[in-house]
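Asks: What follows is the file final-v5.txt, containing compact mmCIF, C-alpha atoms and all ligand atoms:
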# COMPACT_ATOMS: atom_id res chain seq x y z
CA MET A 16 25.00 6.25 15.23
CA GLY A 17 22.54 8.85 13.94
CA MET A 18 19.77 8.52 11.36
CA VAL A 19 20.95 6.90 8.15
CA THR A 20 21.02 9.18 5.10
CA MET A 21 20.82 8.28 1.43
CA SER A 22 24.50 9.10 0.90
CA GLU A 23 25.41 6.84 3.84
CA LEU A 24 23.28 4.07 2.33
CA HIS A 25 25.17 4.45 -0.94
CA LYS A 26 28.45 4.14 0.95
CA TYR A 27 27.55 0.51 1.66
CA GLY A 28 26.72 -0.18 -1.98
CA ARG A 29 30.07 -1.80 -2.72
CA THR A 30 30.50 -3.60 0.59
CA LYS A 31 29.85 -7.32 0.17
CA PHE A 32 28.17 -8.44 3.39
CA ILE A 33 26.70 -11.36 1.44
CA MET A 34 28.95 -12.85 -1.21
CA PRO A 35 27.66 -13.64 -4.71
CA GLY A 36 26.69 -17.16 -5.75
CA THR A 37 24.21 -17.98 -3.00
CA ALA A 38 21.51 -20.66 -3.18
CA ALA A 39 18.71 -18.06 -2.87
CA CYS A 40 15.97 -17.78 -5.50
CA PRO A 41 16.15 -14.71 -7.73
CA GLY A 42 14.55 -11.74 -6.00
CA CYS A 43 14.87 -13.31 -2.53
CA PRO A 44 13.70 -10.87 0.18
CA LEU A 45 15.86 -12.48 2.85
CA GLN A 46 19.08 -11.54 1.09
CA VAL A 47 17.80 -7.97 0.73
CA GLY A 48 16.83 -7.73 4.40
CA MET A 49 19.95 -9.41 5.73
CA ARG A 50 22.13 -7.10 3.68
CA GLN A 51 20.28 -4.10 5.14
CA LEU A 52 20.80 -5.51 8.64
CA ALA A 53 24.54 -5.95 8.00
CA MET A 54 24.67 -2.37 6.66
CA ALA A 55 23.08 -1.13 9.88
CA LEU A 56 25.69 -2.90 11.98
CA ASP A 57 28.58 -2.31 9.56
CA GLY A 58 29.00 -6.07 9.29
CA LYS A 59 29.97 -6.39 12.97
CA LEU A 60 27.61 -8.96 14.46
CA ALA A 61 27.26 -12.60 15.44
CA MET A 62 24.16 -14.28 14.10
CA VAL A 63 22.06 -17.29 15.08
CA ILE A 64 19.82 -18.79 12.39
CA PRO A 65 17.29 -21.61 12.85
CA ALA A 66 16.24 -23.94 10.03
CA GLY A 67 14.77 -22.20 7.01
CA CYS A 68 15.72 -20.55 3.74
CA SER A 69 18.40 -18.43 5.45
CA SER A 70 20.25 -21.54 6.55
CA VAL A 71 20.28 -22.85 2.96
CA ILE A 72 21.09 -19.57 1.18
CA PRO A 73 24.80 -19.32 2.21
CA GLY A 74 25.66 -22.74 0.74
CA THR A 75 27.18 -25.81 2.30
CA ALA A 76 30.02 -25.95 4.85
CA PRO A 77 32.89 -25.28 4.85
CA HIS A 78 31.86 -22.47 2.48
CA THR A 79 29.48 -19.62 3.34
CA ALA A 80 28.21 -16.53 1.56
CA TYR A 81 27.79 -14.62 4.83
CA SER A 82 30.67 -12.34 5.82
CA PHE A 83 29.92 -12.51 9.57
CA PRO A 84 29.95 -15.46 12.01
CA VAL A 85 26.74 -17.52 11.98
CA LEU A 86 25.52 -20.39 14.15
CA HIS A 87 23.02 -22.60 12.31
CA VAL A 88 20.82 -24.26 14.93
CA PRO A 89 17.70 -26.48 15.13
CA PHE A 90 14.33 -24.90 14.42
CA ALA A 91 13.08 -24.19 17.94
CA SER A 92 16.34 -23.30 19.65
CA SER A 93 17.67 -20.01 18.23
CA PRO A 94 16.59 -17.68 21.10
CA ALA A 95 17.99 -20.16 23.66
CA VAL A 96 21.28 -20.51 21.77
CA ALA A 97 21.53 -16.72 21.37
CA SER A 98 20.89 -16.31 25.12
CA GLY A 99 23.85 -18.56 25.89
CA LEU A 100 26.02 -16.95 23.23
CA VAL A 101 25.40 -13.39 24.41
CA ARG A 102 26.15 -14.32 28.03
CA ALA A 103 29.39 -16.00 26.91
CA VAL A 104 30.59 -13.02 24.85
CA ARG A 105 29.64 -10.53 27.58
CA GLN A 106 31.68 -12.61 30.05
CA ARG A 107 34.61 -12.10 27.74
CA GLY A 108 34.02 -8.34 27.68
CA ILE A 109 32.65 -8.24 24.13
CA ASN A 110 29.72 -5.88 23.71
CA GLY A 111 28.90 -6.51 20.05
CA PRO A 112 25.41 -7.42 18.83
CA VAL A 113 24.11 -10.99 18.95
CA VAL A 114 21.29 -11.26 16.42
CA VAL A 115 18.71 -13.97 15.83
CA TRP A 116 17.55 -13.95 12.21
CA ALA A 117 14.52 -16.23 12.00
CA GLY A 118 11.58 -16.77 9.68
CA ASP A 119 7.94 -16.47 10.64
CA GLY A 120 7.47 -20.21 11.18
CA ALA A 121 10.50 -20.44 13.47
CA THR A 122 9.25 -17.40 15.36
CA ALA A 123 5.47 -17.53 15.57
CA ASP A 124 5.07 -21.32 15.66
CA ILE A 125 7.94 -23.77 16.17
CA GLY A 126 10.31 -21.55 18.15
CA PHE A 127 7.71 -19.56 20.03
CA ALA A 128 8.40 -21.12 23.45
CA THR A 129 12.11 -20.25 23.38
CA LEU A 130 11.34 -16.81 21.95
CA SER A 131 8.92 -16.15 24.79
CA GLY A 132 11.48 -17.39 27.32
CA ALA A 133 14.28 -15.16 25.99
CA ALA A 134 11.94 -12.14 25.89
CA TYR A 135 10.68 -12.87 29.42
CA ARG A 136 14.29 -13.05 30.69
CA ASN A 137 15.08 -9.82 28.78
CA GLU A 138 18.17 -11.35 27.17
CA ASP A 139 20.44 -8.78 25.51
CA ILE A 140 19.78 -9.94 21.94
CA LEU A 141 18.27 -8.46 18.79
CA TYR A 142 15.64 -10.76 17.30
CA ILE A 143 14.60 -10.19 13.68
CA MET A 144 11.53 -12.05 12.44
CA ALA A 145 11.91 -12.03 8.64
CA ASP A 146 8.25 -12.57 7.76
CA ASN A 147 7.53 -13.93 4.29
CA GLU A 148 4.20 -15.23 5.62
CA ALA A 149 4.61 -19.00 5.10
CA TYR A 150 7.03 -21.95 5.33
CA MET A 151 8.60 -21.19 1.95
CA ASN A 152 11.63 -23.47 2.28
CA THR A 153 9.53 -26.62 2.65
CA GLY A 154 6.83 -25.89 0.06
CA ILE A 155 4.75 -22.82 0.98
CA GLN A 156 2.82 -24.22 3.95
CA ALA A 157 0.77 -21.75 6.03
CA SER A 158 2.41 -20.37 9.18
CA GLY A 159 1.01 -18.45 12.13
CA THR A 160 1.72 -15.19 10.31
CA THR A 161 0.11 -16.13 6.99
CA SER A 162 -2.64 -13.59 6.39
CA TRP A 163 -6.32 -14.46 6.56
CA MET A 164 -7.60 -15.87 3.24
CA ALA A 165 -4.08 -16.15 1.77
CA TRP A 166 -3.42 -19.11 -0.52
CA THR A 167 -0.78 -21.62 0.55
CA THR A 168 -0.35 -25.33 -0.21
CA THR A 169 -1.99 -26.14 3.15
CA SER A 170 -4.72 -23.52 2.72
CA PRO A 171 -5.71 -24.01 -0.95
CA ARG A 172 -9.03 -22.23 -0.41
CA GLY A 173 -7.56 -19.46 1.68
CA LYS A 174 -6.33 -19.56 5.27
CA THR A 175 -9.22 -19.47 7.71
CA GLU A 176 -7.27 -18.12 10.70
CA ASP A 177 -6.09 -14.54 11.17
CA LYS A 178 -2.41 -13.52 11.16
CA LYS A 179 -0.68 -13.73 14.55
CA ASP A 180 0.44 -10.28 15.66
CA VAL A 181 3.87 -11.27 16.95
CA ALA A 182 5.06 -7.68 17.55
CA LEU A 183 2.07 -7.08 19.81
CA ILE A 184 2.74 -10.37 21.61
CA MET A 185 6.32 -9.19 22.21
CA LEU A 186 5.00 -5.90 23.58
CA MET A 187 2.97 -7.93 26.05
CA HIS A 188 6.28 -9.42 27.26
CA LYS A 189 7.27 -5.86 28.29
CA VAL A 190 10.59 -6.02 26.42
CA PRO A 191 12.39 -2.67 26.03
CA TYR A 192 12.22 -2.40 22.23
CA VAL A 193 9.71 -3.59 19.62
CA ALA A 194 9.48 -2.30 16.05
CA THR A 195 8.00 -3.23 12.70
CA ALA A 196 9.73 -2.62 9.37
CA SER A 197 9.79 -3.63 5.74
CA ILE A 198 12.60 -4.50 3.33
CA ALA A 199 11.03 -1.93 0.98
CA TYR A 200 12.14 0.85 3.33
CA PRO A 201 15.85 0.19 4.00
CA MET A 202 16.62 3.51 5.67
CA ASP A 203 13.74 3.04 8.10
CA PHE A 204 14.83 -0.54 8.88
CA ILE A 205 18.48 0.48 9.31
CA ASP A 206 17.46 3.31 11.64
CA LYS A 207 15.40 0.90 13.72
CA VAL A 208 18.25 -1.61 13.99
CA ARG A 209 20.61 1.14 15.13
CA ARG A 210 18.06 2.47 17.59
CA ALA A 211 17.62 -1.05 18.94
CA MET A 212 21.34 -1.40 19.50
CA GLN A 213 21.26 1.58 21.85
CA VAL A 214 18.93 -0.39 24.12
CA LYS A 215 20.13 -3.06 26.55
CA GLY A 216 17.91 -6.10 26.78
CA PHE A 217 15.62 -7.91 24.38
CA LYS A 218 14.94 -6.15 21.08
CA PHE A 219 12.39 -7.44 18.55
CA ILE A 220 11.86 -6.28 14.96
CA HIS A 221 9.14 -7.69 12.73
CA LEU A 222 10.57 -7.36 9.20
CA HIS A 223 8.06 -7.86 6.39
CA ALA A 224 9.70 -9.68 3.45
CA PRO A 225 7.52 -11.08 0.61
CA CYS A 226 8.87 -14.10 -1.26
CA PRO A 227 8.41 -14.27 -5.07
CA PRO A 228 7.91 -18.09 -5.38
CA GLY A 229 5.66 -18.24 -2.31
CA TRP A 230 3.60 -15.23 -3.29
CA ARG A 231 3.42 -16.41 -6.91
CA MET A 232 4.84 -13.17 -8.27
CA GLU A 233 7.67 -12.16 -10.61
CA ASP A 234 11.16 -11.92 -9.12
CA ALA A 235 11.25 -8.20 -9.89
CA TYR A 236 8.25 -7.54 -7.61
CA THR A 237 9.86 -8.39 -4.26
CA ILE A 238 9.84 -4.77 -3.17
CA ARG A 239 6.74 -3.43 -4.96
CA PRO A 240 3.87 -5.25 -3.16
CA GLN A 241 5.25 -3.99 0.13
CA GLY A 242 3.21 -0.84 -0.44
CA LEU A 243 -0.04 -2.75 0.01
CA PRO A 244 0.22 -3.80 3.67
CA LEU A 245 1.91 -0.48 4.39
CA ARG A 246 -1.11 1.34 3.05
CA LEU A 247 -3.67 -1.01 4.58
CA VAL A 248 -2.26 -0.77 8.09
CA PRO A 249 -1.01 2.82 8.42
CA GLY A 250 1.06 3.37 11.51
CA PHE A 251 1.91 -0.31 11.87
CA TYR A 252 4.35 -1.39 9.18
CA GLY A 253 7.11 1.18 8.86
CA SER A 254 6.44 2.82 12.20
CA ILE A 255 8.36 2.75 15.46
CA ILE A 256 6.76 1.31 18.58
CA ARG A 257 8.43 2.53 21.73
CA VAL A 258 8.01 0.90 25.12
CA SER A 259 8.86 2.96 28.15
S1 LIG B 1 11.69 -19.50 -1.21
FE1 LIG B 1 11.49 -17.26 -0.93
S2 LIG B 1 12.50 -16.76 1.00
FE2 LIG B 1 13.20 -18.83 0.36
S3 LIG B 1 15.09 -18.51 -0.80
FE3 LIG B 1 13.41 -18.51 -2.30
S4 LIG B 1 12.79 -16.33 -2.48
FE4 LIG B 1 14.05 -16.53 -0.62
What's the structure tokens form of this structure?

Replies:
Amino acid sequence: MGMVTMSELHKYGRTKFIMPGTAACPGCPLQVGMRQLAMALDGKLAMVIPAGCSSVIPGTAPHTAYSFPVLHVPFASSPAVASGLVRAVRQRGINGPVVVWAGDGATADIGFATLSGAAYRNEDILYIMADNEAYMNTGIQASGTTSWMAWTTTSPRGKTEDKKDVALIMLMHKVPYVATASIAYPMDFIDKVRRAMQVKGFKFIHLHAPCPPGWRMEDAYTIRPQGLPLRLVPGFYGSIIRVS
């Protein structure tokens, strides 16, 4: 697949990768990002999701708003489950993408050991860290990727620790593909997902995704504040990091 164009993006406008009537808050960044991911892969993927907003959003079994197969798994286990799943489907001759879609808490904190293990083994999975910078689903507690001085319910005077740079930590694992992206730049994110799928082995994308209730902002502003970190850290968010 080549670089995505605006007309190609419009082509997906009517495709329902996520059905209406989800349990997400209005303006939820995870729905936006997951839809962009499904666009990039034309809806052909198997997904593993640990505990978090994305496991609540599709509704309760036997119903689901997601149009692709999803395994909902305990908080710390998604990279391990995805490792087993990808080996099983490859054994059966299926080459399609196995994707972990996890929040920042599941990635940088609770699931970090299994993430590190899967990266170290260079498992053939695509790992997306959808980073809304706190544990939003359980009440806006600070996570390892909450920014320095940011307000959360566990850092009422501002977080005193710096944000963990998970993409850089993944680079240190010497995996073949690491990128950063933002839901505010869908064509860039889609391009990076497609580029990742051309690489065999462990692929990691840090996807920045601000959450209206957690960031105490209007629903309509999900996309707009993305410009701030993009401007503050030029060359990081929205850029491609290649590892040779
Ligand atoms: S709390 Fe934030 S991330 Fe979770 S469903 Fe609501 S808007 Fe989405």

Asks: Could you give me, as a ChimeraX atom specification, the residues within 10 Å of stretch 92-108 of chain A, counting only C-alpha atoms and dropping anything in the same chain fewer than 4 positions from it?

Replies: /A:61-66,86-88,112-117,121-122,125-134,136-142,217

Asks: Store the residues of this selection in a file with C-alpha atoms, as a PDB file, keeping the file's coordinate frame.

Replies:
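Result file follows (again_14.pdb):
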ATOM      1  CA  ALA A  61      27.260 -12.600  15.440  1.00  0.00           C
ATOM      2  CA  MET A  62      24.160 -14.280  14.100  1.00  0.00           C
ATOM      3  CA  VAL A  63      22.060 -17.290  15.080  1.00  0.00           C
ATOM      4  CA  ILE A  64      19.820 -18.790  12.390  1.00  0.00           C
ATOM      5  CA  PRO A  65      17.290 -21.610  12.850  1.00  0.00           C
ATOM      6  CA  ALA A  66      16.240 -23.940  10.030  1.00  0.00           C
ATOM      7  CA  LEU A  86      25.520 -20.390  14.150  1.00  0.00           C
ATOM      8  CA  HIS A  87      23.020 -22.600  12.310  1.00  0.00           C
ATOM      9  CA  VAL A  88      20.820 -24.260  14.930  1.00  0.00           C
ATOM     10  CA  PRO A 112      25.410  -7.420  18.830  1.00  0.00           C
ATOM     11  CA  VAL A 113      24.110 -10.990  18.950  1.00  0.00           C
ATOM     12  CA  VAL A 114      21.290 -11.260  16.420  1.00  0.00           C
ATOM     13  CA  VAL A 115      18.710 -13.970  15.830  1.00  0.00           C
ATOM     14  CA  TRP A 116      17.550 -13.950  12.210  1.00  0.00           C
ATOM     15  CA  ALA A 117      14.520 -16.230  12.000  1.00  0.00           C
ATOM     16  CA  ALA A 121      10.500 -20.440  13.470  1.00  0.00           C
ATOM     17  CA  THR A 122       9.250 -17.400  15.360  1.00  0.00           C
ATOM     18  CA  ILE A 125       7.940 -23.770  16.170  1.00  0.00           C
ATOM     19  CA  GLY A 126      10.310 -21.550  18.150  1.00  0.00           C
ATOM     20  CA  PHE A 127       7.710 -19.560  20.030  1.00  0.00           C
ATOM     21  CA  ALA A 128       8.400 -21.120  23.450  1.00  0.00           C
ATOM     22  CA  THR A 129      12.110 -20.250  23.380  1.00  0.00           C
ATOM     23  CA  LEU A 130      11.340 -16.810  21.950  1.00  0.00           C
ATOM     24  CA  SER A 131       8.920 -16.150  24.790  1.00  0.00           C
ATOM     25  CA  GLY A 132      11.480 -17.390  27.320  1.00  0.00           C
ATOM     26  CA  ALA A 133      14.280 -15.160  25.990  1.00  0.00           C
ATOM     27  CA  ALA A 134      11.940 -12.140  25.890  1.00  0.00           C
ATOM     28  CA  ARG A 136      14.290 -13.050  30.690  1.00  0.00           C
ATOM     29  CA  ASN A 137      15.080  -9.820  28.780  1.00  0.00           C
ATOM     30  CA  GLU A 138      18.170 -11.350  27.170  1.00  0.00           C
ATOM     31  CA  ASP A 139      20.440  -8.780  25.510  1.00  0.00           C
ATOM     32  CA  ILE A 140      19.780  -9.940  21.940  1.00  0.00           C
ATOM     33  CA  LEU A 141      18.270  -8.460  18.790  1.00  0.00           C
ATOM     34  CA  TYR A 142      15.640 -10.760  17.300  1.00  0.00           C
ATOM     35  CA  PHE A 217      15.620  -7.910  24.380  1.00  0.00           C
TER      36      PHE A 217
END

Asks: Find the residues near stretch 218-220 of chain A: any atom within 9 Å, counting only C-alpha atoms, skip ones fewer than 3 places away on the same chain, and give them as a PyMOL selection string.

Replies: chain A and resi 134+137-145+182+185+190-196+204+207-208+211-212+214-215

Asks: Considering all atoms listed in the file, can you say which of A:Thr167, A:Gly67, A:Phe83, A:Glu23 comes closest to ligand LIG 1 (chain B)?

Replies: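 Smallest distance to ligand LIG 1 (chain B) is found for A:Gly67.
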
Asks: Throw together the list of residues within 6 Å of ligand LIG 1 (chain B), counting only C-alpha atoms and all ligand atoms, and drop it here as a compact mmCIF listing (two decimals) with C-alpha atoms, in the frame of the given file.

Replies:
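Result saved to part-v7.txt:
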# COMPACT_ATOMS: atom_id res chain seq x y z
CA ALA A 39 18.71 -18.06 -2.87
CA CYS A 40 15.97 -17.78 -5.50
CA CYS A 43 14.87 -13.31 -2.53
CA PRO A 44 13.70 -10.87 0.18
CA LEU A 45 15.86 -12.48 2.85
CA CYS A 68 15.72 -20.55 3.74
CA MET A 151 8.60 -21.19 1.95
CA ASN A 152 11.63 -23.47 2.28
CA CYS A 226 8.87 -14.10 -1.26
CA PRO A 227 8.41 -14.27 -5.07
CA PRO A 228 7.91 -18.09 -5.38

Asks: In Å, rounded to a single decimal, give me how far atom CA of A:Met54 is from atom CA of A:Ala38.

Replies: 21.0 Å

Asks: With all atoms listed in the file as the atoms that count, which of A:Ala224, A:Leu56, A:Met21, A:Val47 lies nearest to A:Ala149?

Replies: A:Ala224

Asks: Quick one, how far is atom CA of A:Arg231 from atom CA of A:Arg50?

Replies: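 Interatomic distance here is 23.4 Å.
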
Asks: Extract, using only C-alpha atoms, all DNA, RNA and protein residues at most 6 Å from A:Thr161, discarding same-chain residues fewer than 3 positions from it, and format them as a list in words.

Replies: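 Once the nearby chain positions are removed, what remains is Glu148, Ala149, Ala157, Ser158 and Lys178 of chain A.
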
Asks: Work out how far apart atom CA of A:Arg239 and atom CA of A:Ile205 are and give it in Å to one decimal.

Replies: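 Computing the Euclidean distance for atom CA of A:Arg239 and atom CA of A:Ile205 yields 18.9 Å.
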
Asks: With distances taken over only C-alpha atoms, which residue among A:Ile33, A:Ser69, A:Pro41, A:Gln46 lies nearest A:Ser82?

Replies: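 Result for the nearest residue to A:Ser82: A:Ile33.
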
Asks: Counting all atoms listed in the file, note down every residue that has an atom within 8 Å of the point (16.0, 6.7, 7.0) (file coordinates), as a list in words.

Replies: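 Final list of nearby residues, as requested, is Met18, Val19, Thr20, Met21, Tyr200, Pro201, Met202, Asp203, Phe204, Ile205 and Asp206 of chain A.
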
Asks: Any chance you could export the current selection's C-alpha atoms as a PDB file, in the coordinates of the input?

Replies:
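The resulting file, result_9.pdb, is reproduced below:
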ATOM      1  CA  MET A  18      19.770   8.520  11.360  1.00  0.00           C
ATOM      2  CA  VAL A  19      20.950   6.900   8.150  1.00  0.00           C
ATOM      3  CA  THR A  20      21.020   9.180   5.100  1.00  0.00           C
ATOM      4  CA  MET A  21      20.820   8.280   1.430  1.00  0.00           C
ATOM      5  CA  TYR A 200      12.140   0.850   3.330  1.00  0.00           C
ATOM      6  CA  PRO A 201      15.850   0.190   4.000  1.00  0.00           C
ATOM      7  CA  MET A 202      16.620   3.510   5.670  1.00  0.00           C
ATOM      8  CA  ASP A 203      13.740   3.040   8.100  1.00  0.00           C
ATOM      9  CA  PHE A 204      14.830  -0.540   8.880  1.00  0.00           C
ATOM     10  CA  ILE A 205      18.480   0.480   9.310  1.00  0.00           C
ATOM     11  CA  ASP A 206      17.460   3.310  11.640  1.00  0.00           C
TER      12      ASP A 206
END

Asks: Considering only C-alpha atoms, can you say which of A:Gly229, A:Pro77, A:Gly173, A:Pro84 comes closest to A:Asn147?

Replies: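 Answer, going by the shortest atom-to-atom distance: A:Gly229.
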